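model01.cif, holding mmCIF, C-alpha atoms and all ligand atoms:
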data_data
#
loop_
_atom_site.label_atom_id
_atom_site.label_comp_id
_atom_site.auth_asym_id
_atom_site.auth_seq_id
_atom_site.Cartn_x
_atom_site.Cartn_y
_atom_site.Cartn_z
CA MET A 1 -4.89 68.40 109.27
CA ALA A 2 -6.79 65.31 110.27
CA THR A 3 -7.41 62.88 107.46
CA LEU A 4 -10.51 60.78 107.19
CA ARG A 5 -8.43 57.84 108.42
CA ASP A 6 -7.38 59.78 111.53
CA VAL A 7 -11.00 60.53 112.26
CA LEU A 8 -12.00 56.90 111.79
CA LEU A 9 -9.17 55.69 114.01
CA TYR A 10 -10.13 58.22 116.64
CA GLN A 11 -13.74 57.07 116.55
CA ALA A 12 -12.63 53.47 116.59
CA LYS A 13 -10.44 53.99 119.64
CA ARG A 14 -13.38 55.43 121.48
CA GLU A 15 -15.52 52.46 120.48
CA ASN A 16 -12.93 49.76 120.70
CA SER A 17 -9.81 50.03 122.81
CA ASP A 18 -8.30 47.10 120.88
CA CYS A 19 -8.13 49.12 117.70
CA PRO A 20 -4.64 48.94 116.22
CA ASP A 21 -2.87 52.27 116.24
CA ASP A 22 -0.46 51.53 113.48
CA ASP A 23 0.49 53.16 110.20
CA ASP A 24 0.72 49.69 108.70
CA TYR A 25 -2.93 49.11 109.36
CA PRO A 26 -4.95 49.18 106.14
CA SER A 27 -7.72 51.65 105.50
CA TRP A 28 -9.55 49.34 103.14
CA VAL A 29 -9.74 45.59 102.94
CA CYS A 30 -11.46 43.15 100.61
CA SER A 31 -13.61 40.41 102.05
CA ASP A 32 -11.11 37.71 100.98
CA CYS A 33 -8.31 39.27 103.02
CA ALA A 34 -10.55 39.93 105.98
CA ARG A 35 -11.72 36.31 106.02
CA LYS A 36 -8.16 35.06 105.59
CA ALA A 37 -7.27 37.09 108.67
CA GLY A 38 -9.94 35.21 110.55
CA ALA A 39 -12.53 37.96 110.60
CA LYS A 40 -16.22 37.25 110.58
CA TRP A 41 -18.83 39.64 109.35
CA PRO A 42 -20.95 40.65 112.35
CA LYS A 43 -24.47 39.35 112.08
CA ASP A 44 -26.88 41.95 110.69
CA HIS A 45 -24.05 44.43 110.31
CA LEU A 46 -24.50 46.84 107.43
CA ALA A 47 -21.64 48.62 105.77
CA THR A 48 -20.96 50.20 102.45
CA PHE A 49 -18.62 48.37 100.14
CA HIS A 50 -17.16 50.23 97.22
CA ASN A 51 -15.03 49.14 94.32
CA GLY A 52 -11.50 50.10 95.17
CA THR A 53 -8.07 48.71 95.86
CA CYS A 54 -7.51 46.43 98.81
CA ASP A 55 -4.70 47.77 101.00
CA VAL A 56 -3.71 44.23 101.95
CA CYS A 57 -3.53 42.28 98.68
CA GLY A 58 -3.47 45.24 96.28
CA GLU A 59 -6.21 43.76 94.12
CA LYS A 60 -9.14 45.71 92.76
CA ALA A 61 -12.12 44.43 94.69
CA GLY A 62 -15.14 45.37 96.71
CA VAL A 63 -13.56 46.84 99.82
CA THR A 64 -14.76 48.10 103.16
CA GLN A 65 -13.18 49.36 106.35
CA PRO A 66 -11.49 46.86 108.69
CA ARG A 67 -13.70 48.20 111.47
CA ASP A 68 -16.64 46.51 109.77
CA TRP A 69 -14.86 43.21 110.38
CA GLY A 70 -14.06 43.96 113.99
CA TYR A 71 -10.42 44.95 113.29
CA PRO A 72 -8.84 41.68 112.18
CA ARG A 73 -5.04 41.53 112.30
CA LEU A 74 -4.10 42.99 108.95
CA LYS A 75 -1.00 44.51 107.47
CA ARG A 76 -0.97 47.17 104.81
CA ARG A 77 0.77 45.99 101.67
CA LYS A 78 4.10 47.67 101.05
CA GLU A 79 4.34 49.61 97.79
CA ASP A 80 7.73 48.21 96.87
CA GLY A 81 7.12 44.66 98.01
ZN ZN B 1 -7.44 41.91 99.70
#
With the file now loaded, output its structure as structure tokens.
Ligand SMILES: [Zn+2]
Amino acid sequence: MATLRDVLLYQAKRENSDCPDDDDYPSWVCSDCARKAGAKWPKDHLATFHNGTCDVCGEKAGVTQPRDWGYPRLKRRKEDG
């Protein structure tokens, strides 16, 4: 069964051939991690942030999808360090 992430990755691949196809790629990222990865918020881009857990730093924060940042180079945080 396709998960929401599969669907998003599929859509992203159609929109952006540079989309990482990687299980280590986070589903959600906070703005701190995205900016640290060198991402810039696209001008006039609108996206929905929600309060959740950042897949990169593991902190509770306002998170959004990496696609909203133009797919910065991010690594999903490992559960066991
Ligand atoms: Zn983070």
Counting only C-alpha atoms and all ligand atoms, what are the residues, protein, DNA or RNA alike, that approach ligand ZN 1 (chain B) to within 7 Å? I want them as a compact mmCIF listing (two decimals) with C-alpha atoms, keeping the file's coordinate frame.
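So selection_14.txt came out as:
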# COMPACT_ATOMS: atom_id res chain seq x y z
CA VAL A 29 -9.74 45.59 102.94
CA CYS A 30 -11.46 43.15 100.61
CA SER A 31 -13.61 40.41 102.05
CA ASP A 32 -11.11 37.71 100.98
CA CYS A 33 -8.31 39.27 103.02
CA CYS A 54 -7.51 46.43 98.81
CA ASP A 55 -4.70 47.77 101.00
CA VAL A 56 -3.71 44.23 101.95
CA CYS A 57 -3.53 42.28 98.68
CA GLY A 58 -3.47 45.24 96.28
CA GLU A 59 -6.21 43.76 94.12
Please report the interatomic distance between CA of Pro66 in chain A and CA of Lys78 in chain A in Å with one decimal.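 For CA of Pro66 in chain A relative to CA of Lys78 in chain A, the distance reads 17.4 Å.
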Taken to one decimal, the CA of Arg67 in chain A-CA of Asp23 in chain A distance is 15.1 Å
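The shortest atom-to-atom distance to Leu9 in chain A, with only C-alpha atoms taken into account, belongs to A:Tyr25 out of A:Trp69, A:Trp41, A:Phe49, A:Tyr25.
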The distance between CA of Asp24 in chain A and CA of Pro42 in chain A is 23.8 Å
